Each structure stands twice: as structure tokens, then as C-alpha cells.
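Peer 1: File name my_file07.cif; file contents mmCIF, C-alpha atoms and all ligand atoms; full text below.
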data_my_file
loop_
_atom_site.label_atom_id
_atom_site.label_comp_id
_atom_site.auth_asym_id
_atom_site.auth_seq_id
_atom_site.Cartn_x
_atom_site.Cartn_y
_atom_site.Cartn_z
CA MET A 258 84.38 -33.39 83.99
CA PRO A 259 88.19 -33.09 84.16
CA THR A 260 89.66 -32.28 87.54
CA THR A 261 92.05 -29.33 87.55
CA THR A 262 94.13 -29.43 90.70
CA GLY A 263 96.93 -31.44 92.25
CA ASP A 264 96.99 -35.16 91.61
CA GLY A 265 93.64 -34.98 89.84
CA ARG A 266 95.16 -32.88 87.09
CA ALA A 267 98.07 -35.31 86.65
CA ILE A 268 95.67 -38.24 86.48
CA ASP A 269 93.59 -36.53 83.79
CA GLU A 270 96.75 -35.70 81.84
CA LYS A 271 97.92 -39.31 82.02
CA ARG A 272 94.60 -40.40 80.56
CA VAL A 273 94.78 -37.80 77.77
CA ALA A 274 98.32 -38.87 76.81
CA ALA A 275 97.44 -42.56 76.97
CA GLU A 276 94.34 -42.16 74.82
CA ALA A 277 96.33 -40.22 72.20
CA ALA A 278 98.94 -43.00 72.12
CA ALA A 279 96.27 -45.68 71.74
CA ARG A 280 95.22 -43.96 68.50
CA LEU A 281 98.73 -44.55 67.06
CA VAL A 282 98.24 -48.32 67.11
CA GLU A 283 97.10 -49.86 63.84
CA ASN A 284 95.41 -53.10 62.98
CA GLY A 285 97.84 -56.03 62.75
CA MET A 286 100.55 -54.41 64.86
CA THR A 287 102.63 -56.09 67.53
CA VAL A 288 102.58 -53.87 70.61
CA GLY A 289 104.74 -53.58 73.72
CA LEU A 290 102.78 -52.59 76.80
CA GLY A 291 104.64 -50.70 79.53
CA THR A 292 103.85 -50.59 83.22
CA GLY A 293 102.31 -48.05 85.59
CA SER A 294 99.32 -45.85 86.18
CA THR A 295 99.58 -44.10 82.79
CA VAL A 296 99.70 -47.42 80.97
CA ALA A 297 96.67 -48.46 83.02
CA PHE A 298 94.75 -45.83 80.99
CA LEU A 299 96.29 -47.01 77.73
CA LEU A 300 95.02 -50.57 78.01
CA PRO A 301 91.25 -49.87 78.01
CA ALA A 302 91.69 -47.28 75.28
CA LEU A 303 93.48 -49.88 73.20
CA ALA A 304 90.96 -52.62 73.98
CA ASP A 305 88.07 -50.30 73.04
CA ARG A 306 89.46 -50.03 69.51
CA LEU A 307 88.84 -53.75 68.91
CA LEU A 308 91.96 -54.03 66.73
CA ASN A 309 93.55 -57.28 65.74
CA ILE A 310 96.83 -56.77 67.59
CA ARG A 311 99.29 -58.96 69.46
CA CYS A 312 100.89 -57.60 72.62
CA VAL A 313 103.68 -58.31 75.08
CA ALA A 314 103.51 -57.05 78.65
CA THR A 315 106.37 -55.66 80.74
CA SER A 316 104.93 -56.73 84.09
CA PRO A 317 102.50 -59.24 85.57
CA ALA A 318 100.18 -56.34 86.51
CA THR A 319 100.02 -55.10 82.94
CA GLU A 320 99.58 -58.62 81.64
CA ALA A 321 96.68 -59.28 84.01
CA GLN A 322 94.91 -56.01 83.15
CA ALA A 323 95.47 -56.48 79.41
CA ARG A 324 94.14 -60.03 79.42
CA ALA A 325 91.13 -59.02 81.51
CA LEU A 326 90.32 -56.41 78.84
CA GLY A 327 90.53 -59.05 76.11
CA LEU A 328 93.90 -58.04 74.64
CA ASP A 329 96.00 -60.85 73.19
CA VAL A 330 99.17 -61.09 75.31
CA LEU A 331 101.94 -63.35 74.03
CA PRO A 332 105.16 -64.48 75.71
CA PHE A 333 108.35 -62.51 75.18
CA ASP A 334 111.02 -65.08 75.84
CA ALA A 335 112.85 -67.93 74.10
CA SER A 336 109.75 -70.03 73.42
CA ALA A 337 108.65 -70.84 69.88
CA GLU A 338 105.39 -68.91 70.30
CA SER A 339 107.14 -65.74 71.52
CA LEU A 340 107.28 -62.53 69.53
CA ASP A 341 110.83 -61.38 68.74
CA HIS A 342 110.11 -57.94 67.33
CA LEU A 343 107.50 -55.25 67.98
CA ASP A 344 106.04 -52.52 65.82
CA ILE A 345 105.43 -50.14 68.70
CA SER A 346 105.95 -49.96 72.45
CA ILE A 347 104.07 -47.48 74.63
CA ASP A 348 105.11 -46.74 78.19
CA GLY A 349 105.14 -44.10 80.90
CA ALA A 350 108.13 -42.38 82.48
CA ASP A 351 109.04 -40.76 85.79
CA GLN A 352 111.02 -37.85 84.36
CA VAL A 353 111.65 -36.50 80.85
CA ALA A 354 114.54 -34.05 80.44
CA PRO A 355 114.78 -31.34 77.73
CA ASP A 356 117.60 -33.28 76.01
CA GLY A 357 115.35 -36.36 75.76
CA TRP A 358 116.84 -38.51 78.51
CA LEU A 359 114.28 -40.35 80.62
CA ILE A 360 114.20 -41.84 84.07
CA LYS A 361 111.94 -44.87 84.29
CA GLY A 362 111.44 -47.65 86.79
CA GLY A 363 109.26 -46.08 89.47
CA GLY A 364 107.36 -49.36 89.27
CA GLY A 365 110.54 -51.43 89.16
CA ALA A 366 109.86 -52.73 85.64
CA HIS A 367 112.61 -50.77 83.88
CA THR A 368 114.71 -53.75 82.77
CA ARG A 369 111.84 -55.38 80.92
CA GLU A 370 110.65 -51.98 79.71
CA LYS A 371 114.03 -51.25 78.12
CA VAL A 372 114.12 -54.67 76.45
CA VAL A 373 110.67 -54.09 75.00
CA ALA A 374 111.42 -50.49 73.93
CA THR A 375 114.60 -51.67 72.19
CA ALA A 376 112.76 -54.44 70.34
CA ALA A 377 110.16 -52.02 68.97
CA ASP A 378 110.38 -49.93 65.81
CA GLN A 379 108.74 -47.07 67.68
CA PHE A 380 108.93 -46.29 71.39
CA VAL A 381 106.24 -43.84 72.47
CA VAL A 382 106.43 -42.31 75.95
CA ILE A 383 103.24 -41.08 77.61
CA VAL A 384 103.41 -38.66 80.52
CA SER A 385 101.50 -36.02 82.43
CA SER A 386 103.03 -32.55 82.22
CA GLU A 387 104.67 -32.59 85.67
CA LYS A 388 107.00 -35.36 84.42
CA MET A 389 108.71 -32.81 82.13
CA VAL A 390 111.67 -31.59 84.19
CA GLU A 391 114.50 -29.14 83.64
CA HIS A 392 117.10 -31.54 85.02
CA LEU A 393 116.94 -35.25 85.85
CA ALA A 394 117.13 -35.88 89.58
CA ALA A 395 117.72 -39.00 91.67
CA PRO A 396 116.66 -41.62 92.35
CA VAL A 397 117.61 -43.74 89.36
CA PRO A 398 116.01 -47.18 89.69
CA LEU A 399 118.31 -50.19 89.36
CA GLU A 400 117.72 -53.91 89.08
CA ILE A 401 120.43 -55.94 90.79
CA LEU A 402 121.14 -59.64 90.33
CA GLY A 403 120.31 -61.48 93.55
CA TYR A 404 123.55 -63.45 93.40
CA GLY A 405 126.27 -61.27 94.90
CA ALA A 406 123.82 -58.44 95.57
CA ARG A 407 125.61 -57.08 98.63
CA ALA A 408 128.90 -57.02 96.76
CA THR A 409 127.28 -55.36 93.76
CA LEU A 410 125.76 -52.66 95.97
CA LEU A 411 129.27 -51.85 97.23
CA GLU A 412 130.33 -51.30 93.60
CA VAL A 413 127.57 -48.73 93.14
CA PRO A 414 127.93 -46.21 95.98
CA GLY A 415 124.65 -44.37 96.45
CA ALA A 416 122.51 -47.41 95.64
CA VAL A 417 120.10 -48.70 98.27
CA LEU A 418 117.64 -51.56 98.06
CA ARG A 419 114.08 -50.34 97.76
CA PRO A 420 112.37 -51.31 101.03
CA SER A 421 109.47 -53.76 100.95
CA THR A 422 109.58 -54.09 97.17
CA PRO A 423 109.24 -57.58 95.77
CA ARG A 424 111.81 -58.96 93.37
CA SER A 425 111.23 -58.34 89.68
CA PRO A 426 109.42 -61.13 87.81
CA ASP A 427 112.89 -62.16 86.60
CA GLY A 428 114.24 -62.49 90.14
CA GLY A 429 116.19 -59.22 90.35
CA LEU A 430 116.32 -56.97 93.42
CA ILE A 431 115.04 -53.44 92.92
CA ALA A 432 117.27 -50.64 94.21
CA ASP A 433 117.50 -46.88 93.79
CA TRP A 434 120.66 -44.89 93.18
CA TYR A 435 120.96 -41.48 94.82
CA GLY A 436 123.44 -38.91 93.56
CA GLU A 437 123.84 -35.94 91.23
CA ILE A 438 122.94 -36.56 87.58
CA ASP A 439 125.26 -34.16 85.77
CA ASP A 440 125.89 -36.35 82.73
CA PRO A 441 123.21 -39.04 82.16
CA ALA A 442 125.21 -40.73 79.37
CA LYS A 443 128.26 -41.10 81.61
CA LEU A 444 126.14 -42.35 84.50
CA ALA A 445 124.37 -44.86 82.24
CA THR A 446 127.73 -46.13 80.96
CA TRP A 447 128.89 -46.59 84.55
CA PHE A 448 125.77 -48.56 85.53
CA ASP A 449 126.14 -50.66 82.37
CA SER A 450 129.74 -51.47 83.32
CA VAL A 451 128.98 -52.96 86.75
CA ALA A 452 128.63 -56.74 86.78
CA GLY A 453 125.51 -57.54 88.77
CA VAL A 454 123.57 -54.46 87.66
CA VAL A 455 120.97 -56.09 85.44
CA GLY A 456 119.30 -52.88 84.39
CA HIS A 457 118.93 -49.19 85.17
CA GLY A 458 116.24 -46.60 84.63
CA LEU A 459 118.18 -44.15 82.45
CA PHE A 460 116.77 -44.38 78.91
CA GLN A 461 118.75 -42.62 76.19
CA PRO A 462 117.10 -40.14 73.81
CA GLU A 463 117.95 -42.32 70.80
CA LEU A 464 115.52 -44.95 72.11
CA VAL A 465 112.55 -42.59 72.07
CA SER A 466 110.42 -42.02 68.96
CA GLU A 467 107.90 -39.63 70.47
CA VAL A 468 106.86 -38.21 73.83
CA ILE A 469 103.13 -37.53 74.24
CA VAL A 470 102.54 -35.07 77.07
CA GLY A 471 99.11 -34.55 78.56
CA ARG A 472 98.65 -30.82 79.18
CA GLY A 473 95.28 -30.03 80.67
CA SER A 474 92.84 -31.68 78.28
CA SER A 475 95.20 -31.68 75.26
CA ALA A 476 97.93 -34.05 74.16
CA GLU A 477 101.16 -32.48 72.95
CA SER A 478 103.47 -34.58 70.78
CA LEU A 479 107.22 -34.01 71.02
CA PRO A 480 109.51 -35.76 68.54
CA GLY A 481 112.11 -38.12 69.90
CA ARG A 482 115.58 -38.81 68.50
CA ARG A 483 114.90 -42.29 67.18
C1 LIG B 1 107.51 -48.50 85.73
C2 LIG B 1 107.76 -47.25 84.99
C3 LIG B 1 106.60 -46.32 84.82
O1 LIG B 1 106.37 -46.16 83.46
C4 LIG B 1 106.92 -45.01 85.47
O2 LIG B 1 107.26 -45.24 86.83
C5 LIG B 1 105.73 -44.05 85.39
O3 LIG B 1 104.70 -44.55 86.17
P1 LIG B 1 103.26 -43.88 86.21
O4 LIG B 1 102.68 -44.01 84.84
O5 LIG B 1 102.52 -44.66 87.25
O6 LIG B 1 103.43 -42.43 86.61
O7 LIG B 1 108.83 -46.94 84.54
O8 LIG B 1 108.69 -49.23 85.92
#
Using the file provided, produce a representation of the structure as C-alpha cells.
Peer 2:
Amino acid sequence: MPTTTGDGRAIDEKRVAAEAAARLVENGMTVGLGTGSTVAFLLPALADRLLNIRCVATSPATEAQARALGLDVLPFDASAESLDHLDISIDGADQVAPDGWLIKGGGGAHTREKVVATAADQFVVIVSSEKMVEHLAAPVPLEILGYGARATLLEVPGAVLRPSTPRSPDGGLIADWYGEIDDPAKLATWFDSVAGVVGHGLFQPELVSEVIVGRGSSAESLPGRR
């Protein structure tokens, strides 16, 4: 029986969106698996379909859950056995704005998530309805190169290291930037320009193929700009 209030509603909506996205995956596809509590609902739904698919994972947590469910998880690196292109990537988000910009990285996996989304023909975002916002608001997650980290933080006023958060699997420090987000494109260009900022959680609308929003017990599909 679906729950209808507070966090329970959001959890149900995450499941609804994730299950709808799992139905988009076809036999033989290569699939990017995002990170977070919404993706945690995607993985069993995908495994239940018993498809012949090959996956890459954006975090150790996703990789462990996917493998435990019997999904085939391959490396995504420079090794000969690695995939170099994906048919589809499915991932959650922290905020989705009306113009299609996203904030991701609540789980600190945004750098890998952007690499995987970029490598995929389709990037499908799965969210509960409270993630749909009128205006993006801080924080914007960052990943900072460990080397020179204190100097890099000085180059990005408003950025603070996330307390008690482990480094990313690639060794980066996770930080959050606090400030007004009036122009996400301009802000993203600024983050991209700072040496030492490995990645940021602003995802441009042109990266997104589709947003699936769980609303109550239904999944609503919104077209992206990709
Ligand atoms: C992790 C992410 C997540 O997709 C985002 O934080 C949403 O998480 P959840 O599905 O738990 O609400 O970007 O880096």
C-alpha cells in the first residue's frame, strides 16, 4: 500500500520513477547506473527483467548492489575490457529546474555521473516530485583535486569541504558551493574554468533526454533537450 505523506510519499515516487525507467532498457543494451536512493530502486527493477545487458556503475555502492542482484557490471576506464560507450544512463537528481538544468551530487558521485551521462546516447533522470523546483538553489556539489585543494577552495569563494565525507573513488575531495544561482550556464562555465575543480553538480539541459517524475503512484515523462 503506497504511503502518502512526507518522506514516505517521496520514497514511493522514487520507486515509481525508477520502475518506469527500468522499462526503457532493452535486451542487449549497455547501461550506465547512477547513484543514490532512487537508483537503489532502479537496480532490482532492472535485475527482475532478466535482460542480457552490460552495465557500468557510478559508485562503489551502486556497483555492489548491482552485482549482488546479478547485474553484469563492467569497468569504465582505460582497460581493454572496459565499455567506451553506453546506450542509456539512468540516474537521480537533487533538483530539476523548469528550464531543464539539474543539480546532482548529493551523494558526491557527480563527476562520474556526468562522465557516464555524456557517454550515453540517452540520459534519463528519475526523481520524486519534490525534486522539481522553480529555481535552482545552493548548494552545488563540487569535486576538488586533493593536490592544491586549499588553494583551489580560495579560487571558488562560497565553496566549503563537505564535513565527514570520504573522498570520491577517484581521490577527489567533495565540497559544496553556496551562493545565488541566477545563471546556471554562467556558473557552470566558471566552475569549469577553475583548475583543481574536477567536477561540479550543474548538469546542462542538453545532456538530458528525459526526466521521469514520480507523482503519487504515476510516472510522468518530461522530454529533455538532448
Ligand atoms: C548522487 C546524485 C543523486 O542522484 C542525487 O543526489 C539524488 O539522490 P537520491 O536519489 O538519493 O535522492 O547525484 O551523486
Peer 1: Do you have, as a Markdown table, the list of residues of chain A lying at most 8 Å from ligand LIG 1 (chain B), each with its nearest atom pair and that distance in Å to one decimal, counting all atoms listed in the file and ordered by chain then number?
Peer 2:
| residue | atom | partner | partner_atom | distance |
| --- | --- | --- | --- | --- |
| A:Lys271 | CA | B:LIG1 | O4 | 7.3 |
| A:Gly291 | CA | B:LIG1 | O1 | 6.2 |
| A:Thr292 | CA | B:LIG1 | C1 | 4.9 |
| A:Gly293 | CA | B:LIG1 | O5 | 3.8 |
| A:Ser294 | CA | B:LIG1 | O5 | 3.6 |
| A:Thr295 | CA | B:LIG1 | O4 | 3.7 |
| A:Val296 | CA | B:LIG1 | O4 | 6.0 |
| A:Ala297 | CA | B:LIG1 | O4 | 7.7 |
| A:Asp348 | CA | B:LIG1 | O1 | 5.4 |
| A:Gly349 | CA | B:LIG1 | O1 | 3.5 |
| A:Ala350 | CA | B:LIG1 | C5 | 4.1 |
| A:Asp351 | CA | B:LIG1 | C5 | 4.7 |
| A:Ile360 | CA | B:LIG1 | O7 | 7.4 |
| A:Lys361 | CA | B:LIG1 | O7 | 3.7 |
| A:Gly362 | CA | B:LIG1 | O8 | 3.3 |
| A:Gly363 | CA | B:LIG1 | O2 | 3.4 |
| A:Gly364 | CA | B:LIG1 | O8 | 3.6 |
| A:Gly365 | CA | B:LIG1 | O8 | 4.3 |
| A:Ala366 | CA | B:LIG1 | O8 | 3.7 |
| A:His367 | CA | B:LIG1 | O8 | 4.7 |
| A:Glu370 | CA | B:LIG1 | O8 | 7.1 |
| A:Ile383 | CA | B:LIG1 | O4 | 7.8 |
| A:Val384 | CA | B:LIG1 | O4 | 6.9 |
| A:Ser385 | CA | B:LIG1 | O6 | 7.9 |
| A:Gly458 | CA | B:LIG1 | O7 | 7.4 |
Peer 1: Looking at A:Leu290, A:Leu430, A:Leu300, A:Ala377, which one is nearest to A:Arg407, with distances taken over all atoms listed in the file?
Peer 2: A:Leu430
Peer 1: Using all atoms listed in the file, which residue out of A:Leu307, A:Gly436, A:Met286, A:Met389 lies closest to A:Glu477?
Peer 2: A:Met389
Peer 1: Pick out the closest residue to A:Ala376 from this set: A:Ser339, A:Ser450, A:Ser346, A:Ser425. Count only C-alpha atoms.
Peer 2: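 Answer, going by the shortest atom-to-atom distance: A:Ser346.
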Peer 1: Can you list, as a VMD selection string, every protein, DNA or RNA residue that comes within 7 Å of A:Leu299 when you count only C-alpha atoms, leaving out same-chain residues fewer than 3 positions away?
Peer 2: chain A and resid 275 to 276 279 295 to 296 302 to 303
Peer 1: For a quick check of your reading of the model, name the residues lying within 10 Å of the coordinate (116.0, -32.0, 81.4), counting only C-alpha atoms, and write them as a list in words.
Peer 2: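 Residues with an atom at most 10 Å from (116.0, -32.0, 81.4): Gln352, Val353, Ala354, Pro355, Asp356, Gly357, Trp358, Leu359, Met389, Val390, Glu391, His392, Leu393 and Ala394 of chain A.
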Peer 1: Got time to write the residues from that selection, C-alpha atoms, as a PDB file, keeping the file's coordinate frame?
Peer 2:
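Done, and the output landed in result.pdb:
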ATOM      1  CA  GLN A 352     111.020 -37.850  84.360  1.00  0.00           C
ATOM      2  CA  VAL A 353     111.650 -36.500  80.850  1.00  0.00           C
ATOM      3  CA  ALA A 354     114.540 -34.050  80.440  1.00  0.00           C
ATOM      4  CA  PRO A 355     114.780 -31.340  77.730  1.00  0.00           C
ATOM      5  CA  ASP A 356     117.600 -33.280  76.010  1.00  0.00           C
ATOM      6  CA  GLY A 357     115.350 -36.360  75.760  1.00  0.00           C
ATOM      7  CA  TRP A 358     116.840 -38.510  78.510  1.00  0.00           C
ATOM      8  CA  LEU A 359     114.280 -40.350  80.620  1.00  0.00           C
ATOM      9  CA  MET A 389     108.710 -32.810  82.130  1.00  0.00           C
ATOM     10  CA  VAL A 390     111.670 -31.590  84.190  1.00  0.00           C
ATOM     11  CA  GLU A 391     114.500 -29.140  83.640  1.00  0.00           C
ATOM     12  CA  HIS A 392     117.100 -31.540  85.020  1.00  0.00           C
ATOM     13  CA  LEU A 393     116.940 -35.250  85.850  1.00  0.00           C
ATOM     14  CA  ALA A 394     117.130 -35.880  89.580  1.00  0.00           C
TER      15      ALA A 394
END
Peer 1: Nearest residue to A:Asp440 out of A:Leu459, A:Leu308, A:His342, A:Tyr404, using all atoms listed in the file?
Peer 2: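 Ranked by minimum distance to A:Asp440, first place goes to A:Leu459.
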Peer 1: Find, counting all atoms listed in the file, the residue in A:Ala408, A:Leu464, A:Leu418, A:Ile438 that gets nearest to A:Val451.
Peer 2: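 Once distances to A:Val451 are computed over all atoms listed in the file, the minimum belongs to A:Ala408.
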Peer 1: From the set A:Arg483, A:Arg419, A:Lys371, A:Arg472, which residue has the shortest atom-to-atom contact distance to A:Val455, counting only C-alpha atoms?
Peer 2: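 Going through A:Arg483, A:Arg419, A:Lys371, A:Arg472 one by one, the smallest distance to A:Val455 is for A:Lys371.
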Peer 1: Report as a ChimeraX atom specification all protein, DNA and RNA residues lying within 8 Å of A:Ala323, evaluated on all atoms listed in the file, omitting residues in the same chain fewer than 6 positions from it.
Peer 2: /A:300-301,329-330
Peer 1: Distance atom CA of A:Leu399-atom CA of A:Val468, one decimal place?
Peer 2: 22.7 Å
Peer 1: When you draw a straight line from atom CA of A:Thr409 to atom CA of A:Gly453, how long is it in Å?
Peer 2: 5.7 Å
Peer 1: What gap, in Å, lies between atom CA of A:Phe298 and atom CA of A:Asn284?
Peer 2: 19.4 Å
Peer 1: Just give me the residues with any atom within 8 Å of (117.2, -53.7, 93.8), file coordinates, counting all atoms listed in the file, written as a PyMOL selection string.
Peer 2: chain A and resi 398-402+417-419+424+429-433
Peer 1: Excluding A:Phe380 and any residue of its chain fewer than 2 positions from it, enumerate the residues within 7 Å of it, using all atoms listed in the file, and give them as a list in words.
Peer 2: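 So the residues in contact are Ile345, Ser346, Ile347, Ala374, Ala377, Asp378, Val382, Leu464, Val465, Ser466 and Glu467 of chain A.
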Peer 1: My structure is short of atoms at stretch 371-387 of chain A; please model N, CA, C and O atoms there, returning them as a PDB file, in the frame of the given file.
Peer 2:
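What follows is the written file result.pdb:
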ATOM      1  N   LYS A 371     112.978 -51.620  79.086  1.00  0.00           N
ATOM      2  CA  LYS A 371     114.030 -51.250  78.120  1.00  0.00           C
ATOM      3  C   LYS A 371     114.182 -52.327  77.055  1.00  0.00           C
ATOM      4  O   LYS A 371     114.404 -52.017  75.880  1.00  0.00           O
ATOM      5  N   VAL A 372     114.049 -53.584  77.434  1.00  0.00           N
ATOM      6  CA  VAL A 372     114.120 -54.670  76.450  1.00  0.00           C
ATOM      7  C   VAL A 372     113.014 -54.500  75.413  1.00  0.00           C
ATOM      8  O   VAL A 372     113.246 -54.598  74.200  1.00  0.00           O
ATOM      9  N   VAL A 373     111.826 -54.217  75.892  1.00  0.00           N
ATOM     10  CA  VAL A 373     110.670 -54.090  75.000  1.00  0.00           C
ATOM     11  C   VAL A 373     110.804 -52.831  74.126  1.00  0.00           C
ATOM     12  O   VAL A 373     110.552 -52.866  72.916  1.00  0.00           O
ATOM     13  N   ALA A 374     111.249 -51.730  74.714  1.00  0.00           N
ATOM     14  CA  ALA A 374     111.420 -50.490  73.930  1.00  0.00           C
ATOM     15  C   ALA A 374     112.463 -50.697  72.838  1.00  0.00           C
ATOM     16  O   ALA A 374     112.309 -50.212  71.710  1.00  0.00           O
ATOM     17  N   THR A 375     113.519 -51.433  73.161  1.00  0.00           N
ATOM     18  CA  THR A 375     114.600 -51.670  72.190  1.00  0.00           C
ATOM     19  C   THR A 375     114.122 -52.553  71.042  1.00  0.00           C
ATOM     20  O   THR A 375     114.540 -52.371  69.901  1.00  0.00           O
ATOM     21  N   ALA A 376     113.238 -53.494  71.352  1.00  0.00           N
ATOM     22  CA  ALA A 376     112.760 -54.440  70.340  1.00  0.00           C
ATOM     23  C   ALA A 376     111.704 -53.840  69.425  1.00  0.00           C
ATOM     24  O   ALA A 376     111.299 -54.482  68.447  1.00  0.00           O
ATOM     25  N   ALA A 377     111.266 -52.620  69.728  1.00  0.00           N
ATOM     26  CA  ALA A 377     110.160 -52.020  68.970  1.00  0.00           C
ATOM     27  C   ALA A 377     110.697 -51.018  67.945  1.00  0.00           C
ATOM     28  O   ALA A 377     111.682 -50.327  68.181  1.00  0.00           O
ATOM     29  N   ASP A 378     110.008 -50.941  66.813  1.00  0.00           N
ATOM     30  CA  ASP A 378     110.380 -49.930  65.810  1.00  0.00           C
ATOM     31  C   ASP A 378     110.128 -48.526  66.348  1.00  0.00           C
ATOM     32  O   ASP A 378     110.846 -47.596  66.013  1.00  0.00           O
ATOM     33  N   GLN A 379     109.060 -48.381  67.099  1.00  0.00           N
ATOM     34  CA  GLN A 379     108.740 -47.070  67.680  1.00  0.00           C
ATOM     35  C   GLN A 379     108.556 -47.227  69.179  1.00  0.00           C
ATOM     36  O   GLN A 379     107.856 -48.148  69.612  1.00  0.00           O
ATOM     37  N   PHE A 380     109.136 -46.304  69.935  1.00  0.00           N
ATOM     38  CA  PHE A 380     108.930 -46.290  71.390  1.00  0.00           C
ATOM     39  C   PHE A 380     108.276 -44.956  71.739  1.00  0.00           C
ATOM     40  O   PHE A 380     108.888 -43.889  71.591  1.00  0.00           O
ATOM     41  N   VAL A 381     107.029 -45.037  72.169  1.00  0.00           N
ATOM     42  CA  VAL A 381     106.240 -43.840  72.470  1.00  0.00           C
ATOM     43  C   VAL A 381     106.087 -43.720  73.985  1.00  0.00           C
ATOM     44  O   VAL A 381     105.633 -44.658  74.643  1.00  0.00           O
ATOM     45  N   VAL A 382     106.472 -42.560  74.503  1.00  0.00           N
ATOM     46  CA  VAL A 382     106.430 -42.310  75.950  1.00  0.00           C
ATOM     47  C   VAL A 382     105.222 -41.431  76.252  1.00  0.00           C
ATOM     48  O   VAL A 382     104.980 -40.426  75.557  1.00  0.00           O
ATOM     49  N   ILE A 383     104.459 -41.820  77.249  1.00  0.00           N
ATOM     50  CA  ILE A 383     103.240 -41.080  77.610  1.00  0.00           C
ATOM     51  C   ILE A 383     103.362 -40.567  79.042  1.00  0.00           C
ATOM     52  O   ILE A 383     103.600 -41.348  79.969  1.00  0.00           O
ATOM     53  N   VAL A 384     103.217 -39.261  79.190  1.00  0.00           N
ATOM     54  CA  VAL A 384     103.410 -38.660  80.520  1.00  0.00           C
ATOM     55  C   VAL A 384     102.424 -37.514  80.765  1.00  0.00           C
ATOM     56  O   VAL A 384     101.961 -36.869  79.826  1.00  0.00           O
ATOM     57  N   SER A 385     102.185 -37.247  82.023  1.00  0.00           N
ATOM     58  CA  SER A 385     101.500 -36.020  82.430  1.00  0.00           C
ATOM     59  C   SER A 385     102.549 -34.905  82.478  1.00  0.00           C
ATOM     60  O   SER A 385     103.756 -35.172  82.562  1.00  0.00           O
ATOM     61  N   SER A 386     102.094 -33.659  82.447  1.00  0.00           N
ATOM     62  CA  SER A 386     103.030 -32.550  82.220  1.00  0.00           C
ATOM     63  C   SER A 386     104.045 -32.367  83.348  1.00  0.00           C
ATOM     64  O   SER A 386     105.138 -31.853  83.115  1.00  0.00           O
ATOM     65  N   GLU A 387     103.706 -32.807  84.571  1.00  0.00           N
ATOM     66  CA  GLU A 387     104.670 -32.590  85.670  1.00  0.00           C
ATOM     67  C   GLU A 387     105.881 -33.510  85.555  1.00  0.00           C
ATOM     68  O   GLU A 387     106.869 -33.323  86.269  1.00  0.00           O
TER      69      GLU A 387
END
